[in-house]
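So this block is coords.cif, mmCIF, C-alpha atoms:
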data_start
loop_
_atom_site.group_PDB
_atom_site.id
_atom_site.type_symbol
_atom_site.label_atom_id
_atom_site.label_comp_id
_atom_site.auth_asym_id
_atom_site.auth_seq_id
_atom_site.Cartn_x
_atom_site.Cartn_y
_atom_site.Cartn_z
ATOM 1 C CA MET A 1 0.678 -15.399 -15.499
ATOM 2 C CA LEU A 2 1.712 -17.373 -12.404
ATOM 3 C CA PRO A 3 3.295 -20.826 -12.482
ATOM 4 C CA THR A 4 0.926 -23.697 -11.778
ATOM 5 C CA SER A 5 3.088 -25.048 -8.961
ATOM 6 C CA ALA A 6 4.990 -23.348 -6.165
ATOM 7 C CA GLY A 7 8.288 -24.888 -7.268
ATOM 8 C CA PRO A 8 9.496 -22.057 -9.540
ATOM 9 C CA LEU A 9 8.561 -19.493 -6.904
ATOM 10 C CA LEU A 10 10.838 -20.999 -4.292
ATOM 11 C CA GLY A 11 14.349 -19.590 -4.180
ATOM 12 C CA ARG A 12 17.282 -20.122 -1.891
ATOM 13 C CA PRO A 13 16.535 -21.214 1.680
ATOM 14 C CA VAL A 14 16.361 -18.401 4.221
ATOM 15 C CA THR A 15 17.230 -18.590 7.920
ATOM 16 C CA ILE A 16 17.591 -16.144 10.764
ATOM 17 C CA SER A 17 21.248 -16.463 11.658
ATOM 18 C CA GLY A 18 21.533 -13.924 14.481
ATOM 19 C CA LEU A 19 19.440 -11.933 16.893
ATOM 20 C CA GLY A 20 20.209 -8.688 18.677
ATOM 21 C CA ILE A 21 18.249 -6.430 20.983
ATOM 22 C CA PHE A 22 18.682 -3.127 22.734
ATOM 23 C CA LEU A 23 16.318 -1.806 25.375
ATOM 24 C CA PRO A 24 16.236 1.704 26.828
ATOM 25 C CA ASP A 25 16.724 1.886 30.598
ATOM 26 C CA THR A 26 13.370 3.485 31.513
ATOM 27 C CA VAL A 27 10.709 0.877 32.351
ATOM 28 C CA VAL A 28 6.998 1.768 32.307
ATOM 29 C CA THR A 29 4.816 -0.861 33.984
ATOM 30 C CA ASN A 30 1.082 -1.345 33.692
ATOM 31 C CA ASP A 31 0.808 -0.073 37.271
ATOM 32 C CA ASP A 32 2.567 3.131 36.159
ATOM 33 C CA LEU A 33 -0.045 3.549 33.443
ATOM 34 C CA ALA A 34 -2.872 2.753 35.847
ATOM 35 C CA ALA A 35 -1.765 5.683 38.001
ATOM 36 C CA VAL A 36 -2.670 8.116 35.185
ATOM 37 C CA LEU A 37 -5.169 6.175 33.056
ATOM 38 C CA ASP A 38 -8.381 4.320 33.778
ATOM 39 C CA THR A 39 -6.855 0.839 33.528
ATOM 40 C CA SER A 40 -5.164 -1.841 35.616
ATOM 41 C CA ASP A 41 -2.269 -4.250 35.290
ATOM 42 C CA GLU A 42 -4.701 -7.169 35.115
ATOM 43 C CA TRP A 43 -6.811 -5.540 32.380
ATOM 44 C CA VAL A 44 -3.775 -4.831 30.165
ATOM 45 C CA ARG A 45 -2.112 -8.234 30.742
ATOM 46 C CA GLN A 46 -5.349 -10.127 30.038
ATOM 47 C CA ARG A 47 -5.858 -8.413 26.696
ATOM 48 C CA THR A 48 -2.301 -7.967 25.452
ATOM 49 C CA GLY A 49 0.081 -10.031 27.568
ATOM 50 C CA ILE A 50 2.145 -6.864 28.089
ATOM 51 C CA ARG A 51 3.547 -6.293 31.584
ATOM 52 C CA GLU A 52 5.958 -3.477 30.871
ATOM 53 C CA ARG A 53 7.347 -1.445 28.044
ATOM 54 C CA ARG A 54 10.496 0.620 27.599
ATOM 55 C CA LEU A 55 10.582 4.357 27.085
ATOM 56 C CA ALA A 56 13.422 5.990 25.204
ATOM 57 C CA ASP A 57 14.916 9.003 26.951
ATOM 58 C CA PRO A 58 14.512 12.400 25.265
ATOM 59 C CA GLY A 59 17.113 12.847 22.558
ATOM 60 C CA LEU A 60 17.441 9.104 21.904
ATOM 61 C CA SER A 61 16.585 8.352 18.268
ATOM 62 C CA SER A 62 15.500 5.187 16.479
ATOM 63 C CA SER A 63 18.992 4.745 15.078
ATOM 64 C CA ASP A 64 20.418 5.062 18.611
ATOM 65 C CA LEU A 65 18.346 1.986 19.457
ATOM 66 C CA GLY A 66 19.042 0.160 16.189
ATOM 67 C CA ILE A 67 22.823 0.505 16.163
ATOM 68 C CA PRO A 68 23.540 -1.515 19.347
ATOM 69 C CA ALA A 69 20.841 -4.037 18.379
ATOM 70 C CA GLY A 70 22.490 -4.400 14.971
ATOM 71 C CA ARG A 71 25.919 -4.858 16.551
ATOM 72 C CA ALA A 72 24.506 -7.598 18.776
ATOM 73 C CA ALA A 73 22.800 -9.320 15.815
ATOM 74 C CA LEU A 74 26.002 -9.298 13.763
ATOM 75 C CA ALA A 75 27.981 -10.712 16.692
ATOM 76 C CA ASP A 76 25.354 -13.395 17.313
ATOM 77 C CA ALA A 77 25.475 -14.403 13.633
ATOM 78 C CA GLY A 78 29.276 -14.317 13.543
ATOM 79 C CA LEU A 79 29.199 -11.821 10.668
ATOM 80 C CA SER A 80 31.216 -8.709 9.951
ATOM 81 C CA PRO A 81 29.636 -5.479 8.675
ATOM 82 C CA ASP A 82 31.179 -6.202 5.252
ATOM 83 C CA ASP A 83 29.046 -9.366 5.015
ATOM 84 C CA VAL A 84 25.812 -7.337 5.017
ATOM 85 C CA GLY A 85 24.328 -6.412 1.642
ATOM 86 C CA LEU A 86 21.167 -4.667 2.833
ATOM 87 C CA VAL A 87 19.989 -2.957 6.034
ATOM 88 C CA ILE A 88 16.258 -2.504 6.673
ATOM 89 C CA THR A 89 14.856 -0.631 9.658
ATOM 90 C CA ALA A 90 11.233 -0.809 10.758
ATOM 91 C CA SER A 91 9.926 2.049 12.870
ATOM 92 C CA ILE A 92 6.947 4.347 13.090
ATOM 93 C CA SER A 93 9.280 6.986 14.547
ATOM 94 C CA PRO A 94 12.295 7.260 12.218
ATOM 95 C CA ASP A 95 15.114 9.714 12.912
ATOM 96 C CA GLN A 96 13.784 11.728 9.970
ATOM 97 C CA ILE A 97 11.959 10.921 6.744
ATOM 98 C CA MET A 98 15.011 11.379 4.556
ATOM 99 C CA PRO A 99 17.690 10.146 4.529
ATOM 100 C CA ALA A 100 16.513 6.787 5.814
ATOM 101 C CA THR A 101 17.278 5.812 9.402
ATOM 102 C CA ALA A 102 18.637 2.567 7.943
ATOM 103 C CA SER A 103 21.351 4.600 6.203
ATOM 104 C CA ARG A 104 22.656 5.902 9.527
ATOM 105 C CA VAL A 105 22.450 2.449 11.109
ATOM 106 C CA ALA A 106 24.344 0.919 8.185
ATOM 107 C CA TYR A 107 27.008 3.652 8.288
ATOM 108 C CA GLU A 108 27.520 3.489 12.055
ATOM 109 C CA LEU A 109 27.803 -0.314 11.940
ATOM 110 C CA GLY A 110 30.353 -0.145 9.148
ATOM 111 C CA CYS A 111 28.066 -1.726 6.523
ATOM 112 C CA THR A 112 29.335 0.817 4.012
ATOM 113 C CA GLY A 113 28.696 -1.373 0.955
ATOM 114 C CA ALA A 114 25.103 -2.149 1.931
ATOM 115 C CA GLY A 115 21.924 -0.690 0.518
ATOM 116 C CA SER A 116 19.425 0.559 3.074
ATOM 117 C CA PHE A 117 15.811 1.605 3.449
ATOM 118 C CA ASP A 118 13.132 2.141 6.092
ATOM 119 C CA VAL A 119 9.758 0.471 6.476
ATOM 120 C CA LEU A 120 7.208 2.793 8.107
ATOM 121 C CA ALA A 121 4.302 0.502 8.906
ATOM 122 C CA GLY A 122 3.543 0.716 12.627
ATOM 123 C CA CYS A 123 3.126 -2.518 14.532
ATOM 124 C CA THR A 124 3.484 -4.730 11.463
ATOM 125 C CA GLY A 125 6.636 -2.983 10.243
ATOM 126 C CA PHE A 126 9.006 -5.633 11.582
ATOM 127 C CA VAL A 127 7.033 -8.425 9.908
ATOM 128 C CA TYR A 128 7.068 -6.534 6.593
ATOM 129 C CA ALA A 129 10.800 -5.812 6.929
ATOM 130 C CA LEU A 130 11.524 -9.452 7.717
ATOM 131 C CA ALA A 131 9.472 -10.568 4.690
ATOM 132 C CA MET A 132 11.380 -8.152 2.433
ATOM 133 C CA ALA A 133 14.688 -9.383 3.818
ATOM 134 C CA ALA A 134 13.674 -13.007 3.269
ATOM 135 C CA GLY A 135 12.637 -12.176 -0.294
ATOM 136 C CA ALA A 136 15.964 -10.485 -1.018
ATOM 137 C CA VAL A 137 17.930 -13.489 0.273
ATOM 138 C CA SER A 138 15.647 -16.062 -1.375
ATOM 139 C CA ALA A 139 15.895 -14.284 -4.727
ATOM 140 C CA GLY A 140 19.683 -14.227 -4.481
ATOM 141 C CA LEU A 141 19.885 -10.427 -4.348
ATOM 142 C CA HIS A 142 21.799 -10.452 -1.048
ATOM 143 C CA GLU A 143 23.531 -13.099 1.026
ATOM 144 C CA HIS A 144 22.884 -11.349 4.363
ATOM 145 C CA VAL A 145 20.279 -8.727 5.278
ATOM 146 C CA LEU A 146 20.160 -6.946 8.637
ATOM 147 C CA VAL A 147 16.682 -6.021 9.897
#
Same coordinates, now as structure tokens:
Amino acid sequence: MLPTSAGPLLGRPVTISGLGIFLPDTVVTNDDLAAVLDTSDEWVRQRTGIRERRLADPGLSSSDLGIPAGRAALADAGLSPDDVGLVITASISPDQIMPATASRVAYELGCTGAGSFDVLAGCTGFVYALAMAAGAVSAGLHEHVLV
């Protein structure tokens, strides 16, 4: 049975306290795609807003992208790895199925006391991971979650 008002469902407030990104060096533009596919820059931009995307070099794994992004997010938030209670990665191309890519990211960042898991959900994976992180903080399970 659910409560009749939203009040009991609301937990602690949740905020995004830091952001971090990492982009591979190789840029693929819409014009690059148009050279090998039946498309154009205008067609792609009109429908998606995308102008370019980044391509990871062979041998570069999801964790290789997540580790520097995680470092940047921790620095932006002013947090140390010990402050993180949970690490969640979202990728359709994990390093491997098991152990979780998030485990390697957590280890390499020094979040050795943190739990970790992967979300494998394609384009919506980040949104799902963010929702899970917000739920964990709101419920009081963790003070800080790195996505």
Check: Selected by the PyMOL selection byres ((chain A and resi 130-145) around 8) in the shown coordinates: which residues, as a PyMOL selection string?
Finding: chain A and resi 10-14+83-88+126-129+146-147
Next item on the list: Taking the point (4.7, 5.0, 13.7) as given in the file, collect each protein or nucleic acid residue that comes within 10 Å of it, counting only C-alpha atoms, and present the set as number ranges by chain.
Entry: A: 90-94, 119-123, 125
Notebook entry, point to check: Which distance in Å separates CA of Ala77 in chain A and CA of Ser17 in chain A, to one decimal?
Noted result: 5.1 Å
Give me, as a PDB file with C-alpha atoms, in the frame of the given file, all polymer residues having an atom no more than 12 Å from Leu33 in chain A, counting all atoms listed in the file and skipping those fewer than 2 positions away in the same chain.
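The result, written out as around-v6.pdb:
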ATOM      1  CA  VAL A  27      10.709   0.877  32.351  1.00  0.00           C
ATOM      2  CA  VAL A  28       6.998   1.768  32.307  1.00  0.00           C
ATOM      3  CA  THR A  29       4.816  -0.861  33.984  1.00  0.00           C
ATOM      4  CA  ASN A  30       1.082  -1.345  33.692  1.00  0.00           C
ATOM      5  CA  ASP A  31       0.808  -0.073  37.271  1.00  0.00           C
ATOM      6  CA  ALA A  35      -1.765   5.683  38.001  1.00  0.00           C
ATOM      7  CA  VAL A  36      -2.670   8.116  35.185  1.00  0.00           C
ATOM      8  CA  LEU A  37      -5.169   6.175  33.056  1.00  0.00           C
ATOM      9  CA  ASP A  38      -8.381   4.320  33.778  1.00  0.00           C
ATOM     10  CA  THR A  39      -6.855   0.839  33.528  1.00  0.00           C
ATOM     11  CA  SER A  40      -5.164  -1.841  35.616  1.00  0.00           C
ATOM     12  CA  ASP A  41      -2.269  -4.250  35.290  1.00  0.00           C
ATOM     13  CA  GLU A  42      -4.701  -7.169  35.115  1.00  0.00           C
ATOM     14  CA  TRP A  43      -6.811  -5.540  32.380  1.00  0.00           C
ATOM     15  CA  VAL A  44      -3.775  -4.831  30.165  1.00  0.00           C
ATOM     16  CA  ILE A  50       2.145  -6.864  28.089  1.00  0.00           C
ATOM     17  CA  ARG A  51       3.547  -6.293  31.584  1.00  0.00           C
ATOM     18  CA  GLU A  52       5.958  -3.477  30.871  1.00  0.00           C
ATOM     19  CA  ARG A  53       7.347  -1.445  28.044  1.00  0.00           C
TER      20      ARG A  53
END
Next item on the list: With a distance cut-off of 8 Å and all atoms listed in the file, select the neighbouring residues of Ser103 in chain A, excluding the residue or stretch itself and same-chain residues fewer than 6 positions from it, and output the selection as JSON, numbers by chain.
Entry: {"A": [87, 115, 116, 117]}
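Counting all atoms listed in the file, the residue from A:Asp118, A:Glu108, A:Asp32, A:Asp25 that sits nearest to Ile67 in chain A is A:Glu108.
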Check: Can you tell me how far CA of Leu23 in chain A sits from CA of Ala106 in chain A, in Å to one decimal?
Finding: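 Separation between CA of Leu23 in chain A and CA of Ala106 in chain A: 19.2 Å.
Separating CA of Pro81 in chain A from CA of Ala114 in chain A is a distance of 8.8 Å.
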To test the calculation: enclose all listed atoms of range 104-111 of chain A in a box whose edges run along x, y and z, add 8 Å on each side, then state centre and edge lengths in Å to one decimal, as JSON.
{"center_x": 26.4, "center_y": 2.1, "center_z": 9.3, "size_x": 23.9, "size_y": 23.6, "size_z": 21.5}
Next item on the list: Between A:Gln96, A:Ser80, A:Ser62, A:Gln46, single out the one closest to Gly113 in chain A, counting all atoms listed in the file.
Entry: A:Ser80
Checklist line | Residue nearest Leu19 in chain A - candidates A:Ala34, A:Leu79, A:Cys111, A:Ala102, atoms counted: all atoms listed in the file | finding: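 Between A:Ala34, A:Leu79, A:Cys111, A:Ala102, the residue approaching Leu19 in chain A most closely is A:Leu79.
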Next item on the list: Please write the residues picked by the PyMOL selection byres ((chain A and resi 64) around 10) on this file as a PyMOL selection string.
Entry: chain A and resi 22+24+56+59-63+65-69+95+101+104-105+108
